[in-house]
Amino acid sequence: MTDEIFDSTDSIRSAAPLKHVQYFELSGPLELECGARLQQVRVAYETYGRLNAQASNAVLVCHALSGDSHVAAHDAQDEPGWWDVLVGPGKDLDTDKYFVICPNTLGGCRGTTGPNCADPATLKPYGGSFPNVSIADIVKVQAALVEHLGIGQLLAVIGGSMGGMQVLQWAIAYPDGVRCAIPVATAARLSSQALAFDVIGRNAILRDPHFHGGNYYDAGRPGEGGVFLPANGLTGLAIARMIGHITYLSRQAMAEKFGGNRHQPRSIRSEFEKDTSVASYLAHQGDKFIERFDANSYLLISRAMDRYDLGEGQALRQSLAPARCRWLVAAFTSDWLFPADQSMEIVNALLANGQGISYCNVRSACGHDAFLLPNEVATYGGMIRGFLEQASRATPAQAAAEPELDADGRQADTSIFHGRRIDYDLLEEVLASQASSSQPSVLDVGCGSGQMLLRLKRRGWRRLQGVDIHESAVLACVQRGVDCIQADANDGLSMFADKQFDVVLLSRTLQAVYNVDRLVEDMLRVGRCGIVSFPNFAYGPLRDMLYNQGRAPEAQGLLRYKWYDSPNIRFFSIADFQQYCQDKKLTVHRMLALNTETRREVKEDPNRQADLAIFVISRG
């Protein structure tokens with residue numbers, strides 16, 4: 001099929017033999033969470049790149065429900081893999097740098113022990129008698145494979161959808177075995193809506209007259225790796241896949257794909273309805289899926305996903321407490337199967353546990369399938385690339401040796417005072433006096449590309465966290481090795497605990513905030529003290545421009561914006577903020593006034609002579 005209407009994340013997958021698959025057998029029986037035992041377990045897996053001498057560059061990729069070990073093509077003659085957009089030489093998950101491992105899950109149908117494999121007790125396919133497996137069982141088998149490969153600690157575990165659930169399980173079940181966790185488009189437990197779609201799909205399979213209780217294999221047709229192929233295509237499995245494809249696409253993606261030609265069905269051979277473009281698409285996807293996947297595996301793995309439940313709120317926090325790795329969590333704005341609020345629940349629990357984390361809700365119109373498509377790979381792939389590069393540095397000194405970069409990737413001149421950043425110096429001074437430990441902690445709200453946090457990191461401070469609303473800012477921070485959460489400061493800082501940080505910084509952000517009271521209250525709840533910097537709209541040149549020219553104020557320094565493109569929604573002065581602190585009974589520990597145009601500290605008449613003010617404040 002070359003018609004673009006049929007393009008999907010399934011388009012590159014086939015039932016062709018896997019040319020580079022390898023096998024590993026567990027040394028003994030496997031005890032499952034359900035209480036059953038598998039006497040023999042074989043794992044099909046593929047590897048890419050080379051393991052270095054220190055065995056420190058291994059990245060485990062966990063696949064989703066219908067995936068397999070073939071995550072990427074090995075060479076030009078190999079078939080494409082399901083995550084070719086991300087994995088390969090020179091790509092974001094660079095196989096020239098990393099040793100990438102991708103196993104087929106326990107209960108799968110592409111070589112790892114599952115329902116279509118022979119039961120050693122009967123020499124016939126397990127079929128419907130294969131015991132229930134869990135995400136924990138799947139990860140347990142992966143851990144045995146990793147140990148077999150001589151890897152004591154994985155640099156990272158990464159996966160999307162159900163693969164993301166495996167990432168979570170790795171982090172809590174093997175905390176010493178994972179340096180970094182990258183769950184993408186996933187959840188700590190499925191929503192009731194997602195569970196409902198799985199139920200419908202399973203019922204379609206179970207009520208298929210050819211299902212025969214899962215015993216539908218033709219023992220005379222051995223397939224690749226000794227597995228058995230079904231005697232006929234199962235209609236119920238095709239319908240389940242059709243339902244799945246609907247959930248993988250967003251409303252916008254469906255409209256763009258089918259809206260303009262909805263009454264132009266494609267000519268295909270299928271027993272399913274194909275009277276409209278969307279009908280022919282679904283028929284094609286259903287027919288194509290049953291060529292390569294097994295109905296029993298679909299039932300088994302979807303149930304494992306449905307049963308995975310780390311709880312919510314305090315229960316989720318306790319579930320994730322054993323993890324000791326660094327985290328990069330990614331969601332997609334149009335994903336309604338694994339919506340971003342579920343990723344944010346994971347983020348909130350990790351933050352409450354004091355764990356290092358970056359998070360981004362990547363803007364996309366592609367729905368749940370966004371993590372498999374090239375559309376947004378520049379963003380989420382760029383984050384993964386930067387995150388792994390930073391994580392793979394052997395020592396903090398190596399990271400500190402790199403030049404500071406601006407948002408465009410150029411070496412940055414961060415000085416506004418001829419090599420001396422007075423506001424940075426002030427922050428360090430406050431930390432030294434206010435910090436409750438030898439490792440002072442800083443939350444930077446509206447952190448931008450993370451320049452200040454990077455400077456602090458280079459000076460040895462490790463408990464650093466940024467918050468910014470912009471996707472580009474999160475990407476820049478992650479690429480610098482600075483933790484950053486994508487969030488809107490207007491919504492407050494409810495994800496952070498009381499006095500979680502020594503200092504909360506609000507640098508050149510307050511003038512863009514709608515709810516000033518809420519944010520200031522929150523920053524002084526979360527931090528032991530706060531540092532607020534803002535442009536001073538009583539700056540002399542601004543007053544003169546408005547008075548003498550009758551024009552919207554504009555200056556060369558911080559206030560260079562035109563009236564129509566300014567991010568500033570509040571126009572207040574040093575005197576205004578001093579009065580605000582007095583009205584709110586806030587203690588001002590220090591005020592520093594700066595003129596960024598002349599690059600000097602202002603001592604006299606700061607309300608007129610300075611265009612930037614810095615306040616150190618606290619409650620009481």
# chains A, B, ... in the order shown; residues from 1 in each chain; ligands from 1
>>> select_by_dssp(residues="stretch 132-199 of chain A", states="helix (DSSP H, G or I)", output="ChimeraX atom specification")
/A:135-148,162-173,175-177,192-199
>>> residues_around(residues="A:Arg324", least_positions_apart="5", cutoff="10 Å", atoms="only C-alpha atoms", output="ChimeraX atom specification")
/A:171-172,174-181,353-356
>>> select_by_dssp(residues="stretch 245-343 of chain A", states="strand (DSSP E or B)", output="VMD selection string")
chain A and resid 309 326 to 332
>>> residues_around(residues="stretch 41-58 of chain A", least_positions_apart="4", cutoff="9 Å", atoms="only C-alpha atoms", output="MDAnalysis selection string")
chainID A and resid 20:30 68:72 74 87:89 94:106 110:114 141:142 145 150:157 225 392
>>> write_last_selection(atoms="N, CA and C atoms", output="short mmCIF file (atom, residue, chain, number, x, y, z; two decimals), in the first residue's frame")
data_model
loop_
_atom_site.label_atom_id
_atom_site.label_comp_id
_atom_site.auth_asym_id
_atom_site.auth_seq_id
_atom_site.Cartn_x
_atom_site.Cartn_y
_atom_site.Cartn_z
N HIS A 20 18.05 -10.29 12.75
CA HIS A 20 19.10 -10.08 13.75
C HIS A 20 18.66 -10.47 15.16
N VAL A 21 17.62 -11.26 15.26
CA VAL A 21 17.12 -11.63 16.58
C VAL A 21 18.09 -12.58 17.27
N GLN A 22 18.22 -12.42 18.58
CA GLN A 22 19.03 -13.31 19.41
C GLN A 22 18.12 -13.90 20.49
N TYR A 23 18.59 -14.98 21.11
CA TYR A 23 17.77 -15.65 22.12
C TYR A 23 18.58 -15.90 23.39
N PHE A 24 17.87 -15.80 24.50
CA PHE A 24 18.45 -16.08 25.81
C PHE A 24 17.44 -16.89 26.60
N GLU A 25 17.91 -17.94 27.28
CA GLU A 25 17.04 -18.77 28.09
C GLU A 25 17.36 -18.61 29.57
N LEU A 26 16.32 -18.38 30.37
CA LEU A 26 16.52 -18.30 31.81
C LEU A 26 17.08 -19.61 32.32
N SER A 27 17.88 -19.52 33.36
CA SER A 27 18.57 -20.71 33.87
C SER A 27 17.64 -21.66 34.62
N GLY A 28 16.48 -21.17 35.03
CA GLY A 28 15.56 -22.01 35.78
C GLY A 28 14.13 -21.56 35.60
N PRO A 29 13.20 -22.17 36.30
CA PRO A 29 11.78 -21.79 36.19
C PRO A 29 11.54 -20.34 36.61
N LEU A 30 10.47 -19.76 36.10
CA LEU A 30 10.09 -18.39 36.43
C LEU A 30 8.81 -18.40 37.25
N ASP A 68 7.65 -5.36 19.33
CA ASP A 68 8.52 -6.54 19.39
C ASP A 68 9.95 -6.07 19.55
N SER A 69 10.89 -6.98 19.36
CA SER A 69 12.30 -6.66 19.59
C SER A 69 12.91 -5.81 18.49
N HIS A 70 12.22 -5.69 17.36
CA HIS A 70 12.81 -5.01 16.21
C HIS A 70 12.53 -3.51 16.29
N VAL A 71 13.27 -2.83 17.15
CA VAL A 71 13.03 -1.42 17.39
C VAL A 71 13.54 -0.54 16.25
N ALA A 72 14.55 -1.02 15.52
CA ALA A 72 15.11 -0.24 14.42
C ALA A 72 15.81 -1.15 13.43
N HIS A 74 18.83 -2.63 11.34
CA HIS A 74 20.25 -2.80 11.66
C HIS A 74 21.16 -2.32 10.53
N VAL A 87 15.87 5.67 16.95
CA VAL A 87 16.99 4.78 17.23
C VAL A 87 17.81 4.50 15.97
N GLY A 88 19.11 4.70 16.09
CA GLY A 88 20.00 4.40 14.97
C GLY A 88 21.25 5.23 15.01
N PRO A 89 22.20 4.97 14.12
CA PRO A 89 23.45 5.74 14.09
C PRO A 89 23.18 7.23 13.84
N ASP A 94 21.37 7.35 19.85
CA ASP A 94 22.47 7.12 18.91
C ASP A 94 23.17 5.79 19.17
N THR A 95 23.03 4.88 18.24
CA THR A 95 23.65 3.56 18.41
C THR A 95 25.15 3.57 18.14
N ASP A 96 25.68 4.71 17.72
CA ASP A 96 27.14 4.87 17.67
C ASP A 96 27.70 5.15 19.06
N LYS A 97 26.83 5.61 19.98
CA LYS A 97 27.26 5.94 21.34
C LYS A 97 26.77 4.93 22.37
N TYR A 98 25.57 4.41 22.14
CA TYR A 98 24.92 3.61 23.17
C TYR A 98 24.71 2.17 22.69
N PHE A 99 24.72 1.28 23.66
CA PHE A 99 24.40 -0.13 23.40
C PHE A 99 22.92 -0.31 23.70
N VAL A 100 22.12 -0.41 22.66
CA VAL A 100 20.67 -0.44 22.79
C VAL A 100 20.18 -1.88 22.78
N ILE A 101 19.35 -2.22 23.74
CA ILE A 101 18.78 -3.57 23.88
C ILE A 101 17.26 -3.45 23.81
N CYS A 102 16.64 -4.27 23.00
CA CYS A 102 15.18 -4.29 22.95
C CYS A 102 14.70 -5.73 22.95
N PRO A 103 14.12 -6.20 24.06
CA PRO A 103 13.57 -7.56 24.13
C PRO A 103 12.08 -7.59 23.81
N ASN A 104 11.65 -8.68 23.23
CA ASN A 104 10.22 -8.94 23.11
C ASN A 104 9.69 -9.33 24.50
N THR A 105 8.51 -8.81 24.86
CA THR A 105 8.01 -9.01 26.22
C THR A 105 7.60 -10.46 26.46
N LEU A 106 7.66 -10.85 27.72
CA LEU A 106 7.10 -12.12 28.15
C LEU A 106 5.61 -12.16 27.79
N ARG A 110 6.66 -12.79 19.24
CA ARG A 110 7.75 -12.72 18.27
C ARG A 110 9.03 -13.30 18.85
N GLY A 111 8.91 -14.45 19.49
CA GLY A 111 10.10 -15.18 19.90
C GLY A 111 10.25 -15.40 21.39
N THR A 112 9.76 -14.46 22.21
CA THR A 112 9.80 -14.67 23.66
C THR A 112 8.67 -15.61 24.07
N THR A 113 8.90 -16.39 25.11
CA THR A 113 7.90 -17.37 25.55
C THR A 113 6.53 -16.72 25.73
N GLY A 114 5.56 -17.29 25.07
CA GLY A 114 4.20 -16.77 25.09
C GLY A 114 3.21 -17.85 24.70
N VAL A 141 11.93 -10.60 33.78
CA VAL A 141 12.61 -11.34 32.71
C VAL A 141 13.64 -10.45 32.02
N GLN A 142 13.29 -9.18 31.81
CA GLN A 142 14.24 -8.25 31.21
C GLN A 142 15.48 -8.09 32.08
N LEU A 145 17.83 -10.86 31.53
CA LEU A 145 18.55 -10.67 30.27
C LEU A 145 19.68 -9.67 30.44
N GLY A 150 25.91 -8.97 31.09
CA GLY A 150 27.03 -8.44 31.85
C GLY A 150 26.90 -6.98 32.21
N ILE A 151 25.68 -6.51 32.35
CA ILE A 151 25.43 -5.10 32.64
C ILE A 151 24.93 -4.97 34.08
N GLY A 152 25.70 -4.27 34.91
CA GLY A 152 25.31 -4.10 36.30
C GLY A 152 24.33 -2.97 36.51
N GLN A 153 24.45 -1.93 35.70
CA GLN A 153 23.54 -0.79 35.80
C GLN A 153 23.30 -0.23 34.40
N LEU A 154 22.02 -0.07 34.06
CA LEU A 154 21.64 0.52 32.78
C LEU A 154 21.81 2.03 32.84
N LEU A 155 22.35 2.60 31.77
CA LEU A 155 22.39 4.05 31.69
C LEU A 155 20.97 4.60 31.70
N ALA A 156 20.06 3.93 30.97
CA ALA A 156 18.68 4.40 30.91
C ALA A 156 17.76 3.27 30.50
N VAL A 157 16.51 3.40 30.94
CA VAL A 157 15.41 2.57 30.44
C VAL A 157 14.41 3.54 29.83
N GLY A 225 11.30 -19.18 14.85
CA GLY A 225 11.75 -19.40 16.22
C GLY A 225 10.99 -20.49 16.94
N SER A 392 25.42 10.56 30.62
CA SER A 392 26.55 9.67 30.34
C SER A 392 27.89 10.29 30.66
#
>>> atom_distance(atom1="atom CA of A:Pro125", atom2="atom CA of A:Val146")
27.4 Å
>>> residues_around(residues="A:Tyr248", least_positions_apart="6", cutoff="7 Å", atoms="only C-alpha atoms", output="JSON, numbers by chain")
{"A": [367, 368, 369]}
>>> write_last_selection(atoms="C-alpha atoms", output="PDB file, in the first residue's frame")
ATOM      1  CA  GLY A 367      -2.536  11.862  19.464  1.00  0.00           C
ATOM      2  CA  HIS A 368      -1.053   8.915  21.334  1.00  0.00           C
ATOM      3  CA  ASP A 369       0.929   7.783  18.298  1.00  0.00           C
TER       4      ASP A 369
END
>>> closest_residue(among="A:Ala487, A:Ile617, A:Leu310, A:Ala352", to="A:Glu521", atoms="only C-alpha atoms")
A:Ile617
